[in-house]
file final-v3.cif (mmCIF, C-alpha atoms)
data_structure
#
loop_
_atom_site.label_atom_id
_atom_site.label_comp_id
_atom_site.auth_asym_id
_atom_site.auth_seq_id
_atom_site.Cartn_x
_atom_site.Cartn_y
_atom_site.Cartn_z
CA MET A 102 155.85 197.87 16.10
CA LYS A 103 152.55 196.56 14.72
CA LEU A 104 152.02 196.92 10.98
CA TYR A 105 148.69 196.02 9.42
CA VAL A 106 148.83 195.35 5.69
CA VAL A 107 145.34 196.27 4.53
CA GLY A 108 143.79 195.23 1.23
CA LEU A 109 141.55 198.06 0.04
CA GLY A 110 139.72 196.06 -2.62
CA PRO A 111 139.49 196.82 -6.34
CA GLY A 112 139.11 200.60 -6.10
CA ASP A 113 135.57 201.31 -4.93
CA GLU A 114 135.67 202.83 -1.45
CA GLU A 115 132.61 200.77 -0.47
CA LEU A 116 134.33 197.45 -1.23
CA ILE A 117 136.86 197.61 1.59
CA THR A 118 136.16 195.04 4.31
CA MET A 119 134.73 196.11 7.66
CA ARG A 120 137.94 194.91 9.33
CA GLY A 121 140.07 196.97 6.97
CA ALA A 122 137.98 200.11 7.50
CA LYS A 123 138.14 199.64 11.28
CA ILE A 124 141.93 199.43 11.25
CA LEU A 125 142.29 202.57 9.12
CA LYS A 126 140.20 204.44 11.69
CA GLU A 127 142.32 203.19 14.59
CA VAL A 128 145.97 203.41 13.50
CA ARG A 129 148.08 206.53 13.85
CA THR A 130 150.21 206.18 10.70
CA ILE A 131 149.11 204.97 7.26
CA PHE A 132 151.58 204.25 4.46
CA ILE A 133 150.20 204.72 0.96
CA PRO A 134 152.18 203.46 -2.05
CA TYR A 135 152.14 205.35 -5.33
CA SER A 136 153.76 204.83 -8.70
CA THR A 137 156.76 207.08 -9.33
CA GLY A 138 155.98 206.67 -13.02
CA THR A 139 152.60 208.42 -12.78
CA ASN A 140 152.92 210.20 -9.41
CA ARG A 141 149.39 209.01 -8.61
CA SER A 142 147.94 206.85 -5.88
CA LEU A 143 144.56 205.25 -6.47
CA ALA A 144 144.58 204.15 -2.83
CA GLU A 145 144.86 207.63 -1.32
CA ASN A 146 141.22 208.66 -1.79
CA ILE A 147 140.00 205.42 -0.23
CA VAL A 148 142.26 205.90 2.78
CA LYS A 149 141.06 209.49 3.31
CA LYS A 150 137.48 208.22 3.40
CA TYR A 151 138.19 206.10 6.51
CA ALA A 152 141.26 207.56 8.25
CA LYS A 153 140.96 209.90 11.23
CA SER A 154 141.47 213.59 10.50
CA ASN A 155 144.66 213.61 12.56
CA SER A 156 146.11 210.43 11.05
CA LYS A 157 149.60 210.68 9.63
CA LEU A 158 149.50 209.77 5.93
CA VAL A 159 152.87 208.89 4.40
CA LEU A 160 153.16 208.49 0.62
CA LEU A 161 155.71 205.93 -0.56
CA GLY A 162 156.98 206.21 -4.11
CA PHE A 163 157.41 202.78 -5.70
CA PRO A 164 159.22 202.36 -9.03
CA MET A 165 157.00 200.12 -11.18
CA ALA A 166 159.82 198.75 -13.31
CA LYS A 167 160.25 194.97 -13.41
CA ASP A 168 163.85 195.21 -12.24
CA VAL A 169 164.16 197.58 -9.30
CA ASN A 170 167.35 198.64 -7.57
CA GLU A 171 167.49 196.91 -4.18
CA ASN A 172 168.73 200.11 -2.54
CA GLU A 173 165.53 201.91 -3.54
CA LEU A 174 163.45 199.23 -1.82
CA LYS A 175 165.68 199.36 1.27
CA LYS A 176 165.12 203.12 1.51
CA ILE A 177 161.35 202.55 1.44
CA GLY A 178 161.72 199.97 4.23
CA GLU A 179 163.76 202.44 6.28
CA LYS A 180 161.17 205.15 5.76
CA ILE A 181 158.43 202.90 7.10
CA CYS A 182 160.43 202.16 10.24
CA ASN A 183 161.43 205.80 10.76
CA GLU A 184 158.00 207.34 10.11
CA SER A 185 155.82 204.89 12.06
CA GLU A 186 154.15 206.29 15.16
CA GLY A 187 152.42 203.58 17.14
CA ASP A 188 150.35 200.97 15.32
CA SER A 189 150.52 201.59 11.56
CA ALA A 190 148.96 200.39 8.32
CA PHE A 191 150.37 199.77 4.85
CA VAL A 192 147.61 199.77 2.24
CA THR A 193 147.39 198.02 -1.11
CA LEU A 194 144.73 197.87 -3.79
CA GLY A 195 143.10 194.47 -4.20
CA ASP A 196 144.40 191.78 -1.87
CA PRO A 197 147.87 192.07 -0.29
CA THR A 198 148.83 188.49 -1.20
CA LEU A 199 148.46 188.89 -4.97
CA TYR A 200 151.09 191.02 -6.77
CA SER A 201 151.05 193.71 -4.08
CA THR A 202 153.74 196.29 -3.37
CA PHE A 203 154.12 195.18 0.24
CA PHE A 204 155.90 191.92 -0.52
CA ARG A 205 158.51 193.85 -2.47
CA ILE A 206 159.68 195.46 0.77
CA LYS A 207 158.60 192.92 3.40
CA ASP A 208 162.17 191.70 3.90
CA LYS A 209 163.63 195.21 3.65
CA LEU A 210 162.26 196.49 6.98
CA PRO A 211 165.26 197.14 9.29
CA CYS A 212 163.14 197.22 12.46
CA ASN A 213 161.27 194.65 14.51
CA VAL A 214 157.79 194.50 12.94
CA ASN A 215 154.78 192.41 13.85
CA VAL A 216 152.88 192.13 10.55
CA GLU A 217 149.21 191.23 10.20
CA ILE A 218 147.63 190.94 6.76
CA ILE A 219 144.02 192.02 6.28
CA PRO A 220 142.56 190.45 3.11
CA GLY A 221 140.86 192.53 0.44
CA VAL A 222 138.61 191.91 -2.54
CA SER A 223 140.82 190.87 -5.46
CA SER A 224 140.55 192.50 -8.87
CA VAL A 225 140.16 188.98 -10.28
CA THR A 226 136.91 188.27 -8.45
CA ALA A 227 135.77 191.89 -8.80
CA CYS A 228 135.95 191.75 -12.61
CA ALA A 229 134.27 188.34 -12.71
CA SER A 230 131.45 189.77 -10.59
CA LYS A 231 131.06 192.76 -12.90
CA ALA A 232 130.86 190.41 -15.88
CA MET A 233 128.50 188.06 -14.00
CA ILE A 234 130.57 185.01 -14.85
CA SER A 235 131.75 182.04 -12.81
CA LEU A 236 135.49 181.53 -12.78
CA ALA A 237 135.23 177.86 -11.85
CA ASN A 238 132.64 175.16 -11.34
CA SER A 239 132.87 171.61 -10.01
CA GLU A 240 136.45 170.44 -10.64
CA ASP A 241 137.54 173.28 -12.95
CA SER A 242 141.09 174.55 -12.46
CA ILE A 243 142.32 178.15 -12.68
CA SER A 244 145.67 179.68 -13.58
CA ILE A 245 146.71 183.28 -12.84
CA ILE A 246 149.57 184.55 -15.00
CA PRO A 247 150.99 188.01 -15.82
CA ALA A 248 150.77 189.03 -19.46
CA SER A 249 154.56 189.14 -19.74
CA ARG A 250 154.75 185.33 -19.37
CA LEU A 251 153.70 184.16 -22.83
CA ASP A 252 155.48 180.85 -22.26
CA SER A 253 153.38 180.07 -19.19
CA ILE A 254 150.16 181.19 -20.88
CA GLU A 255 150.81 178.79 -23.75
CA LYS A 256 151.43 175.89 -21.34
CA ALA A 257 148.37 176.78 -19.25
CA SER A 258 146.14 176.63 -22.33
CA GLU A 259 146.78 172.88 -22.48
CA ILE A 260 145.68 172.31 -18.89
CA PHE A 261 143.36 174.89 -17.31
CA GLU A 262 139.65 175.56 -17.80
CA THR A 263 140.13 179.20 -16.78
CA ILE A 264 143.14 181.44 -17.32
CA ILE A 265 143.37 184.90 -15.74
CA VAL A 266 145.96 187.06 -17.47
CA LEU A 267 146.86 190.03 -15.27
CA LYS A 268 148.65 193.28 -16.15
CA ALA A 269 147.28 193.03 -19.68
CA ASN A 270 148.97 196.22 -20.84
CA GLU A 271 151.39 194.18 -22.94
CA ASN A 272 151.29 191.29 -25.42
CA ILE A 273 147.52 191.57 -25.75
CA LYS A 274 147.42 190.71 -29.46
CA GLU A 275 149.72 187.73 -29.00
CA ILE A 276 147.63 186.45 -26.08
CA ALA A 277 144.40 186.80 -28.06
CA GLN A 278 145.88 184.85 -30.97
CA MET A 279 147.19 182.17 -28.62
CA LEU A 280 143.93 181.60 -26.72
CA SER A 281 141.03 182.57 -28.98
CA ASN A 282 140.56 179.13 -30.59
CA LYS A 283 140.11 177.35 -27.27
CA TYR A 284 138.76 180.09 -25.00
CA ASP A 285 136.10 182.78 -24.82
CA LEU A 286 138.01 185.95 -24.00
CA LEU A 287 136.85 188.87 -21.87
CA TYR A 288 138.97 191.99 -21.48
CA ALA A 289 138.33 193.79 -18.19
CA ARG A 290 139.82 197.12 -17.13
CA ARG A 291 139.61 198.99 -13.82
CA CYS A 292 136.58 197.11 -12.46
CA PHE A 293 134.75 199.20 -9.85
CA MET A 294 136.89 202.24 -10.72
CA ASN A 295 136.43 205.19 -13.01
CA ASP A 296 137.13 204.24 -16.64
CA GLU A 297 135.83 200.72 -16.08
CA LYS A 298 135.58 198.73 -19.30
CA LEU A 299 134.47 195.19 -20.19
CA VAL A 300 134.95 193.91 -23.75
CA ASN A 301 134.08 190.65 -25.48
CA MET A 302 137.29 190.16 -27.44
CA GLU A 303 135.57 188.19 -30.17
CA LYS A 304 133.51 191.26 -31.03
CA GLU A 305 135.95 194.09 -30.47
CA ILE A 306 139.68 194.63 -30.91
CA VAL A 307 141.33 195.92 -27.74
CA ASN A 308 144.17 198.41 -28.06
CA ASP A 309 144.36 199.56 -24.43
CA LYS A 310 147.66 199.82 -22.56
CA ASP A 311 146.29 199.88 -19.03
CA TYR A 312 148.21 198.25 -16.17
CA PHE A 313 144.97 197.70 -14.23
CA SER A 314 143.53 195.32 -16.78
CA MET A 315 143.16 191.60 -17.31
CA ILE A 316 141.97 188.98 -19.76
CA ILE A 317 139.61 186.33 -18.42
CA ALA A 318 139.80 183.24 -20.60
CA LEU A 319 137.07 180.62 -20.18
CA ARG A 320 137.46 177.37 -22.09
CA LYS A 321 134.84 177.04 -24.84
CA LYS A 322 132.11 174.49 -24.29
CA ARG A 323 132.28 171.60 -26.72
#
call {"tool": "encode", "arguments": {"input": "final-v3.cif", "output": "structure tokens"}}
result
Amino acid sequence: MKLYVVGLGPGDEELITMRGAKILKEVRTIFIPYSTGTNRSLAENIVKKYAKSNSKLVLLGFPMAKDVNENELKKIGEKICNESEGDSAFVTLGDPTLYSTFFRIKDKLPCNVNVEIIPGVSSVTACASKAMISLANSEDSISIIPASRLDSIEKASEIFETIIVLKANENIKEIAQMLSNKYDLLYARRCFMNDEKLVNMEKEIVNDKDYFSMIIALRKKR
């Protein structure tokens, strides 16, 4: 069984790669993750834009909790093996190698699978492009950290020129207080999606609780 793991990009149907679009047109079965918390899939509309009319679309409900029952993930793996018909694709927003749902079930597939990963445009670079900022120049270093890891963010502030804080739907006030003296802070939400928002955090207080958000921290120039 061949399984392509296709990065769809940040949410704009035109930002999928040509390779990714080609695969979605060719495969028979496409697996589309969705959050069981919201019962919505942002990926589904992108897939329908490129999939064949007779493609088999299979929605996979993923619990978005930090601690997930292993049996739930095993059931998703079993469903992929049981529902696949010929070459198949598993889609993710952004790039499959950065906080994607696929790697939660990669080792839970009870069948012989030949996996190929198709890169996608990451939300990190998408939001930097929208803001028209450079994430790194010359020998600058970058750290990518989820907002839940306040300990790592504090340590990173002593080392890195750029800090990307992902999943900024928590601890946003604490992170702003921790970084604002050393860094210029940009809040970015749903770049290239509906409800896109970019905020200079020095000028506006952010009270959003959006999972698809980040803080881009650029060290202040001396």
call {"tool": "atom_distance", "arguments": {"input": "final-v3.cif", "atom1": "atom CA of A:Tyr105", "atom2": "atom CA of A:Asn172"}}
result
23.7 Å
call {"tool": "closest_residue", "arguments": {"input": "final-v3.cif", "among": "A:Glu303, A:Asp208, A:Asp285, A:Asp113", "to": "A:Glu171", "atoms": "all atoms listed in the file"}}
result
A:Asp208
call {"tool": "closest_residue", "arguments": {"input": "final-v3.cif", "among": "A:Arg120, A:Lys304, A:Lys256, A:Lys231", "to": "A:Ala289", "atoms": "only C-alpha atoms"}}
result
A:Lys231
call {"tool": "residues_around", "arguments": {"input": "final-v3.cif", "residues": "A:Glu186", "least_positions_apart": "2", "cutoff": "10 Å", "atoms": "all atoms listed in the file", "output": "list of chain:residue names"}}
result
A:Met102, A:Lys103, A:Val128, A:Arg129, A:Thr130, A:Ile131, A:Ser156, A:Lys157, A:Ile181, A:Cys182, A:Asn183, A:Glu184, A:Asp188, A:Ser189
call {"tool": "resolve_selection", "arguments": {"input": "final-v3.cif", "expression": "the PyMOL selection byres ((chain A and resi 198) around 12)", "output": "PyMOL selection string"}}
result
chain A and resi 106-108+110+192-197+199-205+207+217-224
call {"tool": "atom_distance", "arguments": {"input": "final-v3.cif", "atom1": "atom CA of A:Phe293", "atom2": "atom CA of A:Ile306"}}
result
22.1 Å
call {"tool": "closest_residue", "arguments": {"input": "final-v3.cif", "among": "A:Ser136, A:Ser249, A:Ser154, A:Thr118", "to": "A:Leu267", "atoms": "only C-alpha atoms"}}
result
A:Ser249
call {"tool": "atom_distance", "arguments": {"input": "final-v3.cif", "atom1": "atom CA of A:Ser258", "atom2": "atom CA of A:Ser314"}}
result
19.7 Å
call {"tool": "resolve_selection", "arguments": {"input": "final-v3.cif", "expression": "the PyMOL selection byres ((chain A and resi 229) around 12)", "output": "PyMOL selection string"}}
result
chain A and resi 111+222-228+230-237+263+265+287-293+299+315-319
call {"tool": "write_last_selection", "arguments": {"input": "final-v3.cif", "atoms": "C-alpha atoms", "output": "mmCIF file, in the frame of the given file"}}
result
data_model
loop_
_atom_site.group_PDB
_atom_site.id
_atom_site.type_symbol
_atom_site.label_atom_id
_atom_site.label_comp_id
_atom_site.auth_asym_id
_atom_site.auth_seq_id
_atom_site.Cartn_x
_atom_site.Cartn_y
_atom_site.Cartn_z
ATOM 1 C CA PRO A 111 139.490 196.820 -6.340
ATOM 2 C CA VAL A 222 138.610 191.910 -2.540
ATOM 3 C CA SER A 223 140.820 190.870 -5.460
ATOM 4 C CA SER A 224 140.550 192.500 -8.870
ATOM 5 C CA VAL A 225 140.160 188.980 -10.280
ATOM 6 C CA THR A 226 136.910 188.270 -8.450
ATOM 7 C CA ALA A 227 135.770 191.890 -8.800
ATOM 8 C CA CYS A 228 135.950 191.750 -12.610
ATOM 9 C CA SER A 230 131.450 189.770 -10.590
ATOM 10 C CA LYS A 231 131.060 192.760 -12.900
ATOM 11 C CA ALA A 232 130.860 190.410 -15.880
ATOM 12 C CA MET A 233 128.500 188.060 -14.000
ATOM 13 C CA ILE A 234 130.570 185.010 -14.850
ATOM 14 C CA SER A 235 131.750 182.040 -12.810
ATOM 15 C CA LEU A 236 135.490 181.530 -12.780
ATOM 16 C CA ALA A 237 135.230 177.860 -11.850
ATOM 17 C CA THR A 263 140.130 179.200 -16.780
ATOM 18 C CA ILE A 265 143.370 184.900 -15.740
ATOM 19 C CA LEU A 287 136.850 188.870 -21.870
ATOM 20 C CA TYR A 288 138.970 191.990 -21.480
ATOM 21 C CA ALA A 289 138.330 193.790 -18.190
ATOM 22 C CA ARG A 290 139.820 197.120 -17.130
ATOM 23 C CA ARG A 291 139.610 198.990 -13.820
ATOM 24 C CA CYS A 292 136.580 197.110 -12.460
ATOM 25 C CA PHE A 293 134.750 199.200 -9.850
ATOM 26 C CA LEU A 299 134.470 195.190 -20.190
ATOM 27 C CA MET A 315 143.160 191.600 -17.310
ATOM 28 C CA ILE A 316 141.970 188.980 -19.760
ATOM 29 C CA ILE A 317 139.610 186.330 -18.420
ATOM 30 C CA ALA A 318 139.800 183.240 -20.600
ATOM 31 C CA LEU A 319 137.070 180.620 -20.180
#
call {"tool": "resolve_selection", "arguments": {"input": "final-v3.cif", "expression": "the PyMOL selection byres ((chain A and resi 307) around 9)", "output": "list in words"}}
result
Ile273, Lys274, Tyr288, Val300, Met302, Glu305, Ile306, Asn308 and Asp309 of chain A
call {"tool": "closest_residue", "arguments": {"input": "final-v3.cif", "among": "A:Val159, A:Leu210, A:Ile147, A:Ile133", "to": "A:Phe191", "atoms": "only C-alpha atoms"}}
result
A:Ile133
